[in-house]
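Trainee: Handing you a structure now.
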Amino acid sequence: MQLDAPERPRAVRAKLRTATCLLLTAVAPRFAHAADPPAPPVPASPPTSQIDLTGLFYSERIRVLEPTMRYTRTYSSGRSFFGQVSVDSVTGASPNGTLPTGRTQTVTSASGRSRSVSANSIPTVNFSDTRIALDGEWQQPVKMFAFSLGGHFSHEKDYQSEGVTGRVAIDLNHKLTTLSLGGGYNNDVVSPVGGTSVGMAPYGELTGAASNPKHVKTALVGVSQVLSRKWLVGVSASLSSEDGYLTDPYKALSIIDATTGIPLAQVSEQRPDTRQRRSVQGDSVYHFTSNILYLSYRRYWDDWGIGSHTIDARYRLPVTSAAFVEPHVRFYTQTAADFYRFGLVQGAPLPQYATSDYRMAGLQSVTLGATIGFAPGGRRRTSEWTVRAEYVGQFGDSSPPGTVGVQTRIDLFPAVNVFSMVVNYRFNR
Amino acid sequence: MKNHQRRRLRSVVALILCSGAAGCATVKPWDRDLLAKPEMQFVTCAQLHAIDEHVYFSKEASLGGSSLAGGGCGCN
Amino acid sequence: MSLKRVEDYFIGRFTAMAGPCEILVDTDSPPRGERALELARQEARRIERKFSRYLPDSEVGRINGSQGQPVRVDEETAHLLDYAATCYEVSEGLFDITSGVLRRAWKFDGSDRVPAEATVAGLLPYVGWGRVAWGDRTLALPAGMEIDLGGIGKEYAVDRAASLIAAEIPDAFVVNFGGDLYASGPRRGGRPWNIGVDDPERTGDATIAAIPLTRGGLATSGDARRYILYRGKRLGHILNPKTGWPVEGAPRSVTVIAPTCVEAGTLSTLAYLRGPGAREFLEAEGAQFRIA
């Protein structure tokens with residue numbers, strides 16, 4: 001890392017040089033005019049490699065197992081690149097948006113198999129899917145700029161994504177201020193299993209399109225600033241624009257009887273075909289005597305009516321010079337999408353857009369977790385383990401306004417409890 | 001953009017940049033000891049952060065904001 | 001005192017300044033090797049006697065026993081005190097020759113005995129070059145305070161010995177007093193001297209790097225030999241005079257190369273005092289260094 005401080009270039013050595021001359025001139029003139037000895041030949045540091053092996057285990061109603069491997073190579077010029085491959089396999093049951101009946105109900109699943117569900121629990125759909133993703137990024141520093149270019153490719157049974165990202169970071173003010181600008185473009189294709197359903201029509205009616213495009217454009221700007229010897233803060237803003245097929249192809253809504261609340265029919269959900277998202281975020285990293293506090297706050301809103309606040313706090317406590325513990329807490333709250341409905345009442349005209357996906361509803365989530373890091377091999381630090389365990393609880397309105405009949409007696413938003421554990425093993429060569 | 005709006009924007013930008021340059025951060029090179037530590041960054045482990053973002057993206061309606069779209073997936 | 005032939009040069013060894021001293025002379029002539037060794041030994045002993053804090057009639061002993069009274073010093077001592085004052089100024093108080101009193105609280109012997117906060121706090125009022133009146137070849141040290149030239153004495157002795165030897169023999173040589181050294185020029189055939197950097201994890205047993213040096217001073221600061229193990233952390237013997245506690249987070253070993261041994265030693269100590277900021281400081285100063 002080259003630190004240029006033009007206000008005081010090599011100031012200390014200049015003063016020392018004068019002082020040593022005065023100290024040693026009594027002894028010999030040769031010292032008084034000494035220039036730096038010829039530098040011993042220093043080979044440019046060879047490039048270093050780093051490998052990260054990560055395993056994610058995640059469990060709630062669905063179980064995800066995701067091993068990842070990343071290879072990073074850094075050159076002495078500061079140039080670096082990484083390549084990463086990850087495979088994630090998801091199995092389990094996911095709510096399909098329809099309501100419990102009071103009677104046994106059979107549900108058609110994404111992979112074509114049927115499953116029976118008990119009367120008072122939220123109907124779910126079984127699925128299992130494997131996704132493979134490839135990511136890479138190349139980074140090049142040039143004076144006070146750092147340019148990065150990244151690419152992404154992922155494929156799963158019903159979804160394929162290709163994307164590029166570009167970023168430039170500018171160091172200003174003796175590297176105390178850094179400005180970042182970035183942009184990304186994703187070209188995705190959604191190919192629902194069993195074909196694309198017509199929105200707001202009975203489940204099973206198909207449009208005939210086997211695949212549907214979706215495009216996402218993102219722009220990001222950020223500033224980070226060193227406030228003092230111990231304190232770094234940053235502010236960033238992003239906007240993203242999506243268009244194309246933004247509906248969830250496997251989710252449906254129940255049409256319920258206006259008095260009894262018993263579901264009579266189902267229609268596929270339908271979301272708008274454009275979405276504009278905005279967010280602003282503030283971050284702070286503060287170093288106490290030995291511990292470090294990481295805080296961040298993000299405010300998000302989009303044109304689907306969803307607004308959210310996120311507060312995230314981590315506190316890193318070094319336990320020894322090679323190990324740390326970092327507890328973590330996060331609070332999240334979001335408002336429902338304009339077109340979110342827990343169900344549609346028979347007799348009312350069908351809206352243009354509607355979804356019962358609980359992730360589009362008003363909800364709060366709380367995360368509690370901790371990370372432990374340790375580097376075996378003492379100071380040499382050639383390898384490092386990081387283990388994170390987290391619990392996320394999501395809570396929403398069990399009995400939203402407008403519920404009728406049987407629906408009032410059923411918990412329509414059972415708390416979602418997620419346990420996840422990530423293990424990362426990193427080693428350098 | 002109207003003239004007065006342009007002027008206001010310019011002074012806001014100047015304020016942001018100046019507050020960095022002049023008063024609030026005169027951290028001398030020899031005081032950058034703590035800042036030089038690898039833990040003094042907003043994101044300390046890119047792998048764990050990416051996994052977190054992916055999990056929250058699939059369980060909530062909001063999208064990142066701190067990083068560019070890494071990947072699409074069918075999970076939301 | 002002994003002179004031995006190794007390969008095509010001579011090594012002379014003796015003990016001074018609480019450590020092993022070596023002179024290497026690239027010559028085939030034993031008398032020249034002997035002369036270099038003798039000059040180095042005499043100069044090392046002279047400086048040790050003149051500036052030792054253990055001898056009440058040394059310059060430092062006189063100053064430390066002055067009970068607040070002003071003491072007039074000679075030219076050589078004045079130059080050293082001027083130099084120490086410059087180091088204090090450029091390090092913004094981290095390099096302080098009055099920090100010796102903190103020794104009473106800290107014993108660095110590899111055990112885990114750490115003094116009580118109150119003990120250290122009680123000594124801090126007696127630390128601070130800012131409290132000293134220095135000027136006009138006269139030093140007034142407040143009662144209870146002490147100076148210790150150990151931080152620059154050895155490097156100064158190396159440079160002094162080197163210049164005395166250079167005035168008498170034409171051959172290339174290296175003066176090494178306990179790890180602080182000066183090389184006067186390349187060996188015959190243009191070959192550099194190879195300076196091994198001690199492995200801080202296994203002191204004395206292994207070297208982790210070899211630095212080729214043709215001319216210049218080289219000094220190392222680190223915590224390898226004298227340290228305390230405290231809660232799993234290794235606390236080096238160099239104390240921060242502002243807190244009274246050892247510097248934390250410093251590299252295990254900082255080696256600096258500069259035109260003189262004094263400059264190299266000062267830079268390596270200044271870097272070490274900056275703890276984790278050592279590398280940044282040395283890079284900002286454009287110094288040649290190795291950090292382990």
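A note on labels: chains of the structure tokens are A, B, ... as shown, every chain counts residues from 1, and ligands are counted from 1 in their shown order.
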Restrict the distance test to only C-alpha atoms, flag each residue of chain A within 6 Å of chain B, and return the flagged residues as a PDB file with N, CA and C atoms, in the first residue's frame.

Mentor:
ATOM      1  N   TYR A 159     -34.782 -21.070 -13.588  1.00  0.00           N
ATOM      2  CA  TYR A 159     -34.298 -19.687 -13.557  1.00  0.00           C
ATOM      3  C   TYR A 159     -32.851 -19.653 -14.016  1.00  0.00           C
ATOM      4  N   SER A 161     -29.646 -16.804 -14.877  1.00  0.00           N
ATOM      5  CA  SER A 161     -29.292 -15.392 -14.731  1.00  0.00           C
ATOM      6  C   SER A 161     -27.889 -15.140 -15.249  1.00  0.00           C
ATOM      7  N   ASN A 173      -8.264  13.099  -0.717  1.00  0.00           N
ATOM      8  CA  ASN A 173      -7.971  13.630   0.608  1.00  0.00           C
ATOM      9  C   ASN A 173      -7.050  12.706   1.388  1.00  0.00           C
ATOM     10  N   LEU A 227     -13.302   9.642  10.044  1.00  0.00           N
ATOM     11  CA  LEU A 227     -13.582  10.801  10.894  1.00  0.00           C
ATOM     12  C   LEU A 227     -12.504  11.021  11.943  1.00  0.00           C
ATOM     13  N   SER A 228     -11.898   9.925  12.392  1.00  0.00           N
ATOM     14  CA  SER A 228     -10.828  10.070  13.382  1.00  0.00           C
ATOM     15  C   SER A 228     -10.001   8.800  13.316  1.00  0.00           C
ATOM     16  N   ARG A 229      -9.033   8.735  14.187  1.00  0.00           N
ATOM     17  CA  ARG A 229      -8.134   7.564  14.208  1.00  0.00           C
ATOM     18  C   ARG A 229      -8.907   6.266  14.420  1.00  0.00           C
ATOM     19  N   SER A 238     -28.650   3.563  -3.507  1.00  0.00           N
ATOM     20  CA  SER A 238     -28.715   2.765  -4.718  1.00  0.00           C
ATOM     21  C   SER A 238     -30.101   2.868  -5.306  1.00  0.00           C
ATOM     22  N   SER A 279     -32.756   2.835  -2.213  1.00  0.00           N
ATOM     23  CA  SER A 279     -32.371   2.666  -0.811  1.00  0.00           C
ATOM     24  C   SER A 279     -31.241   3.612  -0.470  1.00  0.00           C
ATOM     25  N   ARG A 359     -43.882 -12.811   2.017  1.00  0.00           N
ATOM     26  CA  ARG A 359     -42.705 -11.941   1.993  1.00  0.00           C
ATOM     27  C   ARG A 359     -43.032 -10.544   1.452  1.00  0.00           C
ATOM     28  N   MET A 360     -44.260 -10.407   0.878  1.00  0.00           N
ATOM     29  CA  MET A 360     -44.708  -9.091   0.406  1.00  0.00           C
ATOM     30  C   MET A 360     -45.640  -8.441   1.431  1.00  0.00           C
TER      31      MET A 360
END

Trainee: With only C-alpha atoms as the counted atoms, please give the residues lying no more than 7 Å from Glu242 (chain A), apart from itself and same-chain residues fewer than 2 positions off, as an mmCIF file with C-alpha atoms, in the first residue's frame.

Mentor:
data_model
loop_
_atom_site.group_PDB
_atom_site.id
_atom_site.type_symbol
_atom_site.label_atom_id
_atom_site.label_comp_id
_atom_site.auth_asym_id
_atom_site.auth_seq_id
_atom_site.Cartn_x
_atom_site.Cartn_y
_atom_site.Cartn_z
ATOM 1 C CA HIS A 215 -34.001 -7.360 -16.677
ATOM 2 C CA VAL A 216 -32.517 -5.609 -13.682
ATOM 3 C CA LYS A 217 -30.440 -2.424 -13.858
ATOM 4 C CA SER A 240 -32.579 -0.297 -9.285
ATOM 5 C CA GLY A 244 -40.121 -8.235 -17.275
ATOM 6 C CA THR A 274 -41.901 -3.102 -13.596
ATOM 7 C CA ARG A 275 -40.391 -2.260 -10.225
ATOM 8 C CA GLN A 276 -38.339 0.768 -9.127
#

Trainee: Give me, as JSON lines, each residue of chain C that comes within 12 Å of chain B, together with its shortest interatomic pair and the distance in Å at one decimal, counting only C-alpha atoms, with rows ordered by chain and rising residue number.

Mentor:
{"residue": "C:Val90", "atom": "CA", "partner": "B:Trp30", "partner_atom": "CA", "distance": 10.7}
{"residue": "C:Ser91", "atom": "CA", "partner": "B:Trp30", "partner_atom": "CA", "distance": 8.9}
{"residue": "C:Glu92", "atom": "CA", "partner": "B:Trp30", "partner_atom": "CA", "distance": 9.9}
{"residue": "C:Leu94", "atom": "CA", "partner": "B:Trp30", "partner_atom": "CA", "distance": 11.1}
{"residue": "C:Val247", "atom": "CA", "partner": "B:Asp33", "partner_atom": "CA", "distance": 11.8}
{"residue": "C:Glu248", "atom": "CA", "partner": "B:Asp33", "partner_atom": "CA", "distance": 10.7}
{"residue": "C:Gly249", "atom": "CA", "partner": "B:Asp33", "partner_atom": "CA", "distance": 9.1}
{"residue": "C:Ala250", "atom": "CA", "partner": "B:Asp33", "partner_atom": "CA", "distance": 9.7}
{"residue": "C:Pro251", "atom": "CA", "partner": "B:Asp33", "partner_atom": "CA", "distance": 11.7}
{"residue": "C:Leu270", "atom": "CA", "partner": "B:Trp30", "partner_atom": "CA", "distance": 9.7}
{"residue": "C:Ala271", "atom": "CA", "partner": "B:Trp30", "partner_atom": "CA", "distance": 8.8}
{"residue": "C:Tyr272", "atom": "CA", "partner": "B:Asp33", "partner_atom": "CA", "distance": 11.1}
{"residue": "C:Leu273", "atom": "CA", "partner": "B:Trp30", "partner_atom": "CA", "distance": 9.9}
{"residue": "C:Arg274", "atom": "CA", "partner": "B:Trp30", "partner_atom": "CA", "distance": 6.8}
{"residue": "C:Gly275", "atom": "CA", "partner": "B:Asp33", "partner_atom": "CA", "distance": 6.8}
{"residue": "C:Pro276", "atom": "CA", "partner": "B:Asp33", "partner_atom": "CA", "distance": 4.9}
{"residue": "C:Gly277", "atom": "CA", "partner": "B:Asp33", "partner_atom": "CA", "distance": 3.7}
{"residue": "C:Ala278", "atom": "CA", "partner": "B:Asp33", "partner_atom": "CA", "distance": 7.4}
{"residue": "C:Arg279", "atom": "CA", "partner": "B:Asp33", "partner_atom": "CA", "distance": 9.0}
{"residue": "C:Glu280", "atom": "CA", "partner": "B:Pro29", "partner_atom": "CA", "distance": 7.2}
{"residue": "C:Phe281", "atom": "CA", "partner": "B:Trp30", "partner_atom": "CA", "distance": 5.7}
{"residue": "C:Leu282", "atom": "CA", "partner": "B:Trp30", "partner_atom": "CA", "distance": 9.4}
{"residue": "C:Glu283", "atom": "CA", "partner": "B:Pro29", "partner_atom": "CA", "distance": 10.0}
{"residue": "C:Ala284", "atom": "CA", "partner": "B:Pro29", "partner_atom": "CA", "distance": 7.4}
{"residue": "C:Glu285", "atom": "CA", "partner": "B:Pro29", "partner_atom": "CA", "distance": 9.9}

Trainee: I'd like to know which of C:Pro212, C:Gly236, C:Gly244, C:Gly68 is closest to chain A, using only C-alpha atoms.

Mentor: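 Checking each of C:Pro212, C:Gly236, C:Gly244, C:Gly68 against chain A, counting only C-alpha atoms, the winner is C:Pro212.
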
Trainee: Would you pick out the contacts of Asp338 (chain A) at 8 Å or less, using only C-alpha atoms, so that residues sharing its chain but fewer than 6 positions from it are not included, and give the list as number ranges by chain?

Mentor: A: 304-306

Trainee: Pick out the chain C residues within 8 Å of chain A. Count only C-alpha atoms. Give them as a ChimeraX atom specification.

Mentor: /C:76,79-80,82-83,86-87,90,159-160,163-164,211-216,231-233,258-260,262-263,267,280,283-286,288

Trainee: Would you mind exporting the chosen residues as a PDB file, in the first residue's frame, restricted to C-alpha atoms?

Mentor:
ATOM      1  CA  GLU C  76      29.370  14.709  22.790  1.00  0.00           C
ATOM      2  CA  HIS C  79      24.868  16.193  20.624  1.00  0.00           C
ATOM      3  CA  LEU C  80      23.193  13.049  21.930  1.00  0.00           C
ATOM      4  CA  ASP C  82      19.926  17.231  20.944  1.00  0.00           C
ATOM      5  CA  TYR C  83      19.361  14.096  18.923  1.00  0.00           C
ATOM      6  CA  THR C  86      14.647  15.703  17.842  1.00  0.00           C
ATOM      7  CA  CYS C  87      13.411  12.114  18.162  1.00  0.00           C
ATOM      8  CA  VAL C  90       9.271  13.920  15.376  1.00  0.00           C
ATOM      9  CA  ASP C 159      28.562   4.528  13.850  1.00  0.00           C
ATOM     10  CA  ARG C 160      31.423   5.917  15.978  1.00  0.00           C
ATOM     11  CA  SER C 163      34.236   5.769  11.464  1.00  0.00           C
ATOM     12  CA  LEU C 164      37.299   5.134  13.644  1.00  0.00           C
ATOM     13  CA  ILE C 211      19.294  -9.058   3.641  1.00  0.00           C
ATOM     14  CA  PRO C 212      22.191  -8.336   1.284  1.00  0.00           C
ATOM     15  CA  LEU C 213      23.876  -5.157   2.504  1.00  0.00           C
ATOM     16  CA  THR C 214      26.796  -3.420   0.808  1.00  0.00           C
ATOM     17  CA  ARG C 215      26.918  -0.137   2.702  1.00  0.00           C
ATOM     18  CA  GLY C 216      24.824   1.407   5.435  1.00  0.00           C
ATOM     19  CA  ARG C 231      -3.610 -13.051  28.570  1.00  0.00           C
ATOM     20  CA  GLY C 232      -2.129 -14.745  25.585  1.00  0.00           C
ATOM     21  CA  LYS C 233      -0.753 -11.483  24.252  1.00  0.00           C
ATOM     22  CA  ALA C 258      19.515   3.626   6.414  1.00  0.00           C
ATOM     23  CA  PRO C 259      22.777   5.476   5.683  1.00  0.00           C
ATOM     24  CA  THR C 260      23.770   5.341   9.348  1.00  0.00           C
ATOM     25  CA  VAL C 262      21.638   5.753  14.277  1.00  0.00           C
ATOM     26  CA  GLU C 263      19.072   6.627  11.634  1.00  0.00           C
ATOM     27  CA  LEU C 267      13.383   4.590  12.390  1.00  0.00           C
ATOM     28  CA  GLU C 280       2.414   2.482   6.934  1.00  0.00           C
ATOM     29  CA  GLU C 283       6.252   3.198   3.652  1.00  0.00           C
ATOM     30  CA  ALA C 284       5.276   6.829   4.043  1.00  0.00           C
ATOM     31  CA  GLU C 285       8.872   7.636   4.925  1.00  0.00           C
ATOM     32  CA  GLY C 286      10.183   5.743   1.917  1.00  0.00           C
ATOM     33  CA  GLN C 288      13.923   0.279   3.264  1.00  0.00           C
TER      34      GLN C 288
END

Trainee: Which value, in Å to one decimal, gives the distance between CA of Phe145 (chain A) and CA of Thr177 (chain A)?

Mentor: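 Separation between CA of Phe145 (chain A) and CA of Thr177 (chain A): 12.2 Å.
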
Trainee: Mind checking DSSP for region 160-282 of chain C and telling me the helix (DSSP H, G or I) residues as a VMD selection string?

Mentor: chain C and resid 160 to 168 188 to 190 261 to 273 275 to 282

Trainee: One decimal, in Å: what's the spacing between CA of Asp129 (chain A) and CA of Leu206 (chain A)?

Mentor: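 Value for the CA of Asp129 (chain A)-CA of Leu206 (chain A) distance: 22.2 Å.
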
Trainee: Leaving out Asp273 (chain A) and any residue of its chain fewer than 6 positions from it, which residues lie within 12 Å of it when counting only C-alpha atoms, given as a PyMOL selection string?

Mentor: chain A and resi 199+212-216+241-248+303-304+352-353

Trainee: Rounded to one decimal, what separation in Å do you get between CA of Tyr391 (chain A) and CA of Gly55 (chain A)?

Mentor: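 Here the two named atoms are 16.7 Å from each other.
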